[in-house]
Amino acid sequence: MSEPLDQTLYEWIGGAATIRRLVEAFYPKVQANPVIGPLFPEDITPVKEKQYLFLTQFFGGPPLYTQQHGHPMMRARHLPFPITREKADEWLGCMKEALAEIGLEPEKQAVVLERLKGPAYHFVNS
């Protein structure tokens, strides 16, 4: 299933409330993950906020990330971190778990994960 043509992915999955719940469910999984957890700072709060802003914009909502931080340039922002395909897979696995945890419908989970595969693998630099 794909997102409806008359809505953005952001609207289709539930907007700001869903993105916030997703980010809150996602980062504890990331921090507990032995493969990718060490890439993240102990104080995850600023990372969570940037992720919320980015996902809002990336899924077709308001351009919050750009308004606060300029153009996302996400590959460049991730270059300082050694990102392998394994780490991208782990990141996507944490996202899959978080999507299930927040109770997003399976067809919507699949669309969100498919949309996130592009950037996840684009960041691979090692």
# chains A, B, ... in the order shown; residues from 1 in each chain; ligands from 1
>>> residues_around(residues="Ala76 in chain A", least_positions_apart="3", cutoff="12 Å", atoms="only C-alpha atoms", output="PyMOL selection string")
chain A and resi 71-73+79-81+119+122-125
>>> atom_distance(atom1="CA of Leu92 in chain A", atom2="CA of Lys117 in chain A")
7.3 Å
>>> closest_residue(among="A:Arg20, A:Val111, A:Ile13, A:Val35", to="Phe54 in chain A", atoms="only C-alpha atoms")
A:Arg20
>>> atom_distance(atom1="CA of Gly15 in chain A", atom2="CA of Leu39 in chain A")
28.1 Å
